[in-house]
Every structure is written in structure tokens, then in C-alpha cells.
$ cat work.cif   # mmCIF, C-alpha atoms; chains and numbers go by the auth columns
data_target
#
loop_
_atom_site.group_PDB
_atom_site.id
_atom_site.type_symbol
_atom_site.label_atom_id
_atom_site.label_comp_id
_atom_site.label_asym_id
_atom_site.label_seq_id
_atom_site.Cartn_x
_atom_site.Cartn_y
_atom_site.Cartn_z
_atom_site.B_iso_or_equiv
_atom_site.auth_seq_id
_atom_site.auth_asym_id
ATOM 1 C CA MET A 1 240.513 180.605 141.408 0.00 146 H
ATOM 2 C CA ILE A 2 243.941 180.512 142.906 0.00 147 H
ATOM 3 C CA GLY A 3 245.564 183.103 140.704 0.00 148 H
ATOM 4 C CA ILE A 4 248.904 181.414 140.245 0.00 149 H
ATOM 5 C CA LYS A 5 249.612 181.572 136.544 0.00 150 H
ATOM 6 C CA ALA A 6 252.880 180.736 134.885 0.00 151 H
ATOM 7 C CA GLY A 7 254.480 184.148 134.603 0.00 152 H
ATOM 8 C CA GLY A 8 251.759 185.984 132.681 0.00 153 H
ATOM 9 C CA ARG A 9 249.095 184.859 130.321 0.00 154 H
ATOM 10 C CA LEU A 10 250.117 182.162 127.959 0.00 155 H
ATOM 11 C CA SER A 11 246.670 181.402 126.610 0.00 156 H
ATOM 12 C CA ASP A 12 243.080 182.453 126.919 0.00 157 H
ATOM 13 C CA GLU A 13 240.808 181.383 129.712 0.00 158 H
ATOM 14 C CA ALA A 14 239.310 178.040 128.908 0.00 159 H
ATOM 15 C CA ASP A 15 235.798 178.669 127.716 0.00 160 H
ATOM 16 C CA ILE A 16 234.002 175.462 128.171 0.00 161 H
ATOM 17 C CA THR A 17 230.712 173.897 127.323 0.00 162 H
ATOM 18 C CA GLY A 18 229.316 171.215 129.532 0.00 163 H
ATOM 19 C CA ALA A 19 231.537 168.734 127.776 0.00 164 H
ATOM 20 C CA PHE A 20 234.760 169.846 129.400 0.00 165 H
ATOM 21 C CA GLY A 21 236.969 167.415 131.201 0.00 166 H
ATOM 22 C CA GLY A 22 238.592 165.218 128.623 0.00 167 H
ATOM 23 C CA PRO A 23 242.306 164.584 128.854 0.00 168 H
ATOM 24 C CA ALA A 24 243.085 166.993 126.015 0.00 169 H
ATOM 25 C CA ASP A 25 241.412 169.922 127.768 0.00 170 H
ATOM 26 C CA VAL A 26 242.919 169.159 131.158 0.00 171 H
ATOM 27 C CA GLY A 27 246.335 168.676 129.604 0.00 172 H
ATOM 28 C CA ARG A 28 246.124 171.928 127.697 0.00 173 H
ATOM 29 C CA LEU A 29 245.147 173.818 130.839 0.00 174 H
ATOM 30 C CA PHE A 30 247.921 172.187 132.818 0.00 175 H
ATOM 31 C CA LEU A 31 250.568 173.067 130.262 0.00 176 H
ATOM 32 C CA THR A 32 249.509 176.637 129.565 0.00 177 H
ATOM 33 C CA ASP A 33 247.498 178.372 132.265 0.00 178 H
ATOM 34 C CA HIS A 34 248.521 176.339 135.276 0.00 179 H
ATOM 35 C CA LEU A 35 252.055 175.351 134.412 0.00 180 H
ATOM 36 C CA LEU A 36 253.326 176.340 137.847 0.00 181 H
ATOM 37 C CA ALA A 37 250.818 174.068 139.562 0.00 182 H
ATOM 38 C CA PHE A 38 251.868 171.238 137.265 0.00 183 H
ATOM 39 C CA GLU A 39 255.557 171.657 138.032 0.00 184 H
ATOM 40 C CA ILE A 40 255.071 172.026 141.768 0.00 185 H
ATOM 41 C CA THR A 41 252.817 168.964 141.852 0.00 186 H
ATOM 42 C CA SER A 42 255.408 166.928 140.009 0.00 187 H
ATOM 43 C CA ILE A 43 258.106 168.025 142.449 0.00 188 H
ATOM 44 C CA VAL A 44 255.882 167.077 145.383 0.00 189 H
ATOM 45 C CA LEU A 45 255.326 163.634 143.864 0.00 190 H
ATOM 46 C CA LEU A 46 259.058 163.196 143.339 0.00 191 H
ATOM 47 C CA VAL A 47 259.853 164.129 146.934 0.00 192 H
ATOM 48 C CA ALA A 48 257.139 161.786 148.188 0.00 193 H
ATOM 49 C CA ALA A 49 258.512 158.924 146.113 0.00 194 H
ATOM 50 C CA VAL A 50 262.030 159.459 147.435 0.00 195 H
ATOM 51 C CA GLY A 51 260.698 159.747 150.976 0.00 196 H
ATOM 52 C CA GLY A 52 258.687 156.577 150.583 0.00 197 H
ATOM 53 C CA VAL A 53 261.715 154.658 149.440 0.00 198 H
ATOM 54 C CA ILE A 54 263.800 155.969 152.343 0.00 199 H
ATOM 55 C CA LEU A 55 261.116 155.258 154.927 0.00 200 H
ATOM 56 C CA GLY A 56 260.509 151.782 153.590 0.00 201 H
ATOM 57 C CA SER A 57 264.053 150.602 153.245 0.00 202 H
ATOM 58 C CA HIS A 58 265.419 148.223 155.813 0.00 203 H
ATOM 59 C CA SER A 59 267.858 149.743 158.279 0.00 204 H
ATOM 60 C CA ARG A 60 271.333 148.363 158.054 0.00 205 H
ATOM 61 C CA ARG A 61 271.637 147.407 161.640 0.00 206 H
ATOM 62 C CA MET B 1 218.692 166.795 131.636 0.00 266 U
ATOM 63 C CA ARG B 2 221.074 168.952 133.571 0.00 267 U
ATOM 64 C CA GLY B 3 221.474 166.988 136.762 0.00 268 U
ATOM 65 C CA PRO B 4 221.453 168.121 140.388 0.00 269 U
ATOM 66 C CA ASP B 5 222.108 171.641 141.532 0.00 270 U
ATOM 67 C CA ILE B 6 225.447 172.610 143.010 0.00 271 U
ATOM 68 C CA THR B 7 223.822 172.746 146.454 0.00 272 U
ATOM 69 C CA TRP B 8 223.406 168.997 146.536 0.00 273 U
ATOM 70 C CA TYR B 9 226.992 168.389 145.563 0.00 274 U
ATOM 71 C CA LEU B 10 228.186 170.766 148.244 0.00 275 U
ATOM 72 C CA ALA B 11 225.955 169.051 150.794 0.00 276 U
ATOM 73 C CA VAL B 12 227.424 165.647 149.966 0.00 277 U
ATOM 74 C CA ALA B 13 230.905 167.129 150.083 0.00 278 U
ATOM 75 C CA GLY B 14 230.129 168.598 153.485 0.00 279 U
ATOM 76 C CA VAL B 15 228.882 165.248 154.764 0.00 280 U
ATOM 77 C CA LEU B 16 232.040 163.551 153.510 0.00 281 U
ATOM 78 C CA PHE B 17 234.208 166.192 155.117 0.00 282 U
ATOM 79 C CA ALA B 18 232.354 165.945 158.430 0.00 283 U
ATOM 80 C CA THR B 19 232.613 162.154 158.425 0.00 284 U
ATOM 81 C CA GLY B 20 236.322 162.348 157.785 0.00 285 U
ATOM 82 C CA ALA B 21 236.845 164.978 160.449 0.00 286 U
ATOM 83 C CA LEU B 22 234.934 162.865 162.961 0.00 287 U
ATOM 84 C CA GLY B 23 237.086 159.886 162.112 0.00 288 U
ATOM 85 C CA VAL B 24 240.304 161.866 162.503 0.00 289 U
ATOM 86 C CA LEU B 25 239.271 163.105 165.910 0.00 290 U
ATOM 87 C CA ILE B 26 237.800 159.921 167.343 0.00 291 U
ATOM 88 C CA ARG B 27 239.702 156.926 166.056 0.00 292 U
ATOM 89 C CA ARG B 28 242.759 155.599 167.789 0.00 293 U
ATOM 90 C CA SER B 29 244.703 153.749 165.150 0.00 294 U
ATOM 91 C CA PRO B 30 246.856 155.987 162.929 0.00 295 U
ATOM 92 C CA LEU B 31 245.881 153.886 159.923 0.00 296 U
ATOM 93 C CA ILE B 32 242.215 154.770 160.403 0.00 297 U
ATOM 94 C CA VAL B 33 243.167 158.402 160.948 0.00 298 U
ATOM 95 C CA LEU B 34 244.906 158.364 157.563 0.00 299 U
ATOM 96 C CA LEU B 35 241.808 156.829 155.991 0.00 300 U
ATOM 97 C CA SER B 36 239.576 159.528 157.467 0.00 301 U
ATOM 98 C CA LEU B 37 241.975 162.157 156.199 0.00 302 U
ATOM 99 C CA GLU B 38 241.549 160.734 152.722 0.00 303 U
ATOM 100 C CA ILE B 39 237.777 160.946 153.087 0.00 304 U
ATOM 101 C CA MET B 40 238.113 164.621 153.998 0.00 305 U
ATOM 102 C CA LEU B 41 240.252 165.248 150.955 0.00 306 U
ATOM 103 C CA ASN B 42 237.697 163.536 148.766 0.00 307 U
ATOM 104 C CA GLY B 43 234.986 165.785 150.148 0.00 308 U
ATOM 105 C CA GLY B 44 237.047 168.810 149.185 0.00 309 U
ATOM 106 C CA ASN B 45 237.648 167.384 145.730 0.00 310 U
ATOM 107 C CA LEU B 46 233.952 166.886 145.199 0.00 311 U
ATOM 108 C CA ALA B 47 233.279 170.502 146.129 0.00 312 U
ATOM 109 C CA LEU B 48 235.958 171.624 143.677 0.00 313 U
ATOM 110 C CA ILE B 49 234.558 169.573 140.828 0.00 314 U
ATOM 111 C CA ALA B 50 231.021 170.723 141.510 0.00 315 U
ATOM 112 C CA ALA B 51 232.084 174.364 141.501 0.00 316 U
ATOM 113 C CA SER B 52 234.011 173.829 138.286 0.00 317 U
ATOM 114 C CA ARG B 53 230.900 172.474 136.630 0.00 318 U
ATOM 115 C CA HIS B 54 228.721 175.214 138.073 0.00 319 U
ATOM 116 C CA TYR B 55 230.875 178.059 136.804 0.00 320 U
ATOM 117 C CA GLY B 56 231.725 176.371 133.556 0.00 321 U
ATOM 118 C CA ARG B 57 235.512 176.646 133.918 0.00 322 U
ATOM 119 C CA GLY B 58 238.160 173.992 134.076 0.00 323 U
ATOM 120 C CA ASP B 59 240.299 175.451 136.834 0.00 324 U
ATOM 121 C CA GLY B 60 238.522 173.547 139.589 0.00 325 U
ATOM 122 C CA GLN B 61 239.321 170.274 137.911 0.00 326 U
ATOM 123 C CA ILE B 62 242.987 171.215 137.622 0.00 327 U
ATOM 124 C CA PHE B 63 243.015 172.060 141.306 0.00 328 U
ATOM 125 C CA ALA B 64 241.299 168.771 142.143 0.00 329 U
ATOM 126 C CA LEU B 65 243.944 166.852 140.195 0.00 330 U
ATOM 127 C CA SER B 66 246.701 168.623 142.104 0.00 331 U
ATOM 128 C CA VAL B 67 244.924 167.889 145.380 0.00 332 U
ATOM 129 C CA MET B 68 244.765 164.222 144.431 0.00 333 U
ATOM 130 C CA ALA B 69 248.470 164.137 143.693 0.00 334 U
ATOM 131 C CA VAL B 70 249.277 165.788 147.029 0.00 335 U
ATOM 132 C CA ALA B 71 246.953 163.357 148.825 0.00 336 U
ATOM 133 C CA ALA B 72 248.757 160.440 147.247 0.00 337 U
ATOM 134 C CA SER B 73 252.135 161.789 148.369 0.00 338 U
ATOM 135 C CA GLU B 74 250.833 162.315 151.869 0.00 339 U
ATOM 136 C CA VAL B 75 249.565 158.744 152.043 0.00 340 U
ATOM 137 C CA VAL B 76 252.949 157.449 150.906 0.00 341 U
ATOM 138 C CA VAL B 77 254.751 159.344 153.636 0.00 342 U
ATOM 139 C CA GLY B 78 252.151 158.517 156.285 0.00 343 U
ATOM 140 C CA LEU B 79 252.167 154.823 155.541 0.00 344 U
ATOM 141 C CA GLY B 80 255.952 154.799 155.471 0.00 345 U
ATOM 142 C CA LEU B 81 255.917 156.334 158.922 0.00 346 U
ATOM 143 C CA ILE B 82 253.449 153.710 160.166 0.00 347 U
ATOM 144 C CA VAL B 83 255.542 150.901 158.727 0.00 348 U
ATOM 145 C CA ALA B 84 258.662 152.313 160.375 0.00 349 U
ATOM 146 C CA MET B 85 256.819 152.575 163.673 0.00 350 U
ATOM 147 C CA ALA B 86 255.565 149.026 163.461 0.00 351 U
ATOM 148 C CA ARG B 87 259.038 147.793 162.644 0.00 352 U
ATOM 149 C CA ARG B 88 260.419 149.336 165.794 0.00 353 U
ATOM 150 C CA ARG B 89 257.621 147.877 167.908 0.00 354 U
ATOM 151 C CA VAL B 90 256.186 151.270 168.778 0.00 355 U
ATOM 152 C CA ALA B 91 252.530 151.020 169.801 0.00 356 U
ATOM 153 C CA LEU B 92 250.255 152.150 166.963 0.00 357 U
ATOM 154 C CA ASP B 93 248.059 154.256 169.169 0.00 358 U
ATOM 155 C CA VAL B 94 247.662 157.989 168.645 0.00 359 U
ATOM 156 C CA ASP B 95 246.821 158.473 172.308 0.00 360 U
ATOM 157 C CA LYS B 96 250.126 156.991 173.383 0.00 361 U
ATOM 158 C CA LEU B 97 252.165 158.819 170.746 0.00 362 U
ATOM 159 C CA SER B 98 251.933 162.098 172.585 0.00 363 U
ATOM 160 C CA THR B 99 255.610 163.010 172.932 0.00 364 U
ATOM 161 C CA LEU B 100 258.182 163.644 170.254 0.00 365 U
ATOM 162 C CA ARG B 101 260.487 160.991 171.633 0.00 366 U
ATOM 163 C CA GLY B 102 260.724 157.706 169.738 0.00 367 U
#
$ encode --input "work.cif" --output "C-alpha cells"
Amino acid sequence: MIGIKAGGRLSDEADITGAFGGPADVGRLFLTDHLLAFEITSIVLLVAAVGGVILGSHSRR
Amino acid sequence: MRGPDITWYLAVAGVLFATGALGVLIRRSPLIVLLSLEIMLNGGNLALIAASRHYGRGDGQIFALSVMAVAASEVVVGLGLIVAMARRRVALDVDKLSTLRG
């Protein structure tokens, strides 16, 4: 996997059965192992929202 | 009942990706190009999810979620660009939009 972890190991690797994928498991992974991905994704979404507002606003001409 | 092998999922993902790539290269309207780009991204997501299930780890699903968020941001920016172009009466034709000048 892309080995970007949040500054060292914060939790174990997720050992999963076939029943992985519920919100609790995804949320736990996002907030422990892949915290950096979570933060960067949120920043990208914020920038896209601001950009969308700017691109969609009427020009004051 | 375990379901299909990972090979089938990867084949479908490859077909999706190829369809999207064909659409990006062939179609003229930038709106359709954006749509085909989304199809490509969905093909990649399917491959990620299939691999996550095959190896029994959750990292592929995390990656697929991040890819979805980035795809959504890209669509926002792309559609904003198209709206701005339409507002200024620029022709929505990727063949004509070949210079960097407005």
C-alpha cells in the first residue's frame, strides 16, 4: 500500500475478516493508520469548495 | 459462497478504464470528457476495492475513499471552468480550445 502513515505506527494493521468495510472500521483506519491521507483529503475538499464558489460567482462587471 | 475471483473484478475495472480513456480521447465536448474521466476513476476504484478484498486488508478501501473525494473536487473545478467558459461565450469544443488565450 502507499506507505504514508501518520508519523509512525499509531495502531496495529487492521486484521480483517470478510466482513470488513463498515463505517466503524473505515473510520478507525482513517483516524489512526491513515491520518495523513484523511487530513490531506479534507484540505483538497476545502480548496475545491472555495474554488467552486469563486468560479461560480458572477463577475462584478 | 465466496463470489468471483479478483481476476473478474480487474477485468471489469480494465473495461471501465478503457471505455473512459476512449471517451476522453474521442469526444469533443468538455462535459463528456469530464464524464469519461469519472468513468476512468471508477474503474480504478473498483480495482482498489477488489484488491482490498483479495488481500483481506482495509487500506484499499481507504485509498478508494480518498480517490472519490479527489474526483469530486476535480468535478467541481472542471464544471466551474465549463460554466465560466459558457458565460463568456467561449465555444465548448476541446478541438478549438487549443491555445492558452481566452
$ interface_residues --input "work.cif" --of "chain H" --to "chain U" --cutoff "6 Å" --atoms "only C-alpha atoms" --output "PDB file with C-alpha atoms, keeping the file's coordinate frame"
ATOM      1  CA  ILE H 161     234.002 175.462 128.171  1.00  0.00           C
ATOM      2  CA  LEU H 190     255.326 163.634 143.864  1.00  0.00           C
ATOM      3  CA  ALA H 193     257.139 161.786 148.188  1.00  0.00           C
ATOM      4  CA  GLY H 197     258.687 156.577 150.583  1.00  0.00           C
ATOM      5  CA  LEU H 200     261.116 155.258 154.927  1.00  0.00           C
ATOM      6  CA  GLY H 201     260.509 151.782 153.590  1.00  0.00           C
TER       7      GLY H 201
END
$ resolve_selection --input "work.cif" --expression "the PyMOL selection byres ((chain U and resi 309-312) around 7)" --output "JSON, numbers by chain"
{"U": [274, 275, 278, 305, 306, 307, 308, 313, 314, 315, 316, 329]}
$ resolve_selection --input "work.cif" --expression "the PyMOL selection byres ((chain U and resi 280-292) around 7)" --output "ChimeraX atom specification"
/U:276-279,293-294,297-298,301-302,304-305,308
$ write_last_selection --input "work.cif" --atoms "C-alpha atoms" --output "mmCIF file, in the frame of the given file"
data_model
loop_
_atom_site.group_PDB
_atom_site.id
_atom_site.type_symbol
_atom_site.label_atom_id
_atom_site.label_comp_id
_atom_site.auth_asym_id
_atom_site.auth_seq_id
_atom_site.Cartn_x
_atom_site.Cartn_y
_atom_site.Cartn_z
ATOM 1 C CA ALA U 276 225.955 169.051 150.794
ATOM 2 C CA VAL U 277 227.424 165.647 149.966
ATOM 3 C CA ALA U 278 230.905 167.129 150.083
ATOM 4 C CA GLY U 279 230.129 168.598 153.485
ATOM 5 C CA ARG U 293 242.759 155.599 167.789
ATOM 6 C CA SER U 294 244.703 153.749 165.150
ATOM 7 C CA ILE U 297 242.215 154.770 160.403
ATOM 8 C CA VAL U 298 243.167 158.402 160.948
ATOM 9 C CA SER U 301 239.576 159.528 157.467
ATOM 10 C CA LEU U 302 241.975 162.157 156.199
ATOM 11 C CA ILE U 304 237.777 160.946 153.087
ATOM 12 C CA MET U 305 238.113 164.621 153.998
ATOM 13 C CA GLY U 308 234.986 165.785 150.148
#
$ axis_aligned_box --input "work.cif" --around "stretch 184-192 of chain H" --padding-each-side "5 Å" --output "JSON"
{"center_x": 256.3, "center_y": 167.6, "center_z": 142.5, "size_x": 17.0, "size_y": 18.8, "size_z": 18.9}
$ atom_distance --input "work.cif" --atom1 "atom CA of H:Ala194" --atom2 "atom CA of U:Leu299"
17.8 Å
$ atom_distance --input "work.cif" --atom1 "atom CA of U:Leu296" --atom2 "atom CA of U:Leu357"
8.5 Å
$ atom_distance --input "work.cif" --atom1 "atom CA of H:Ile199" --atom2 "atom CA of H:Leu181"
27.1 Å
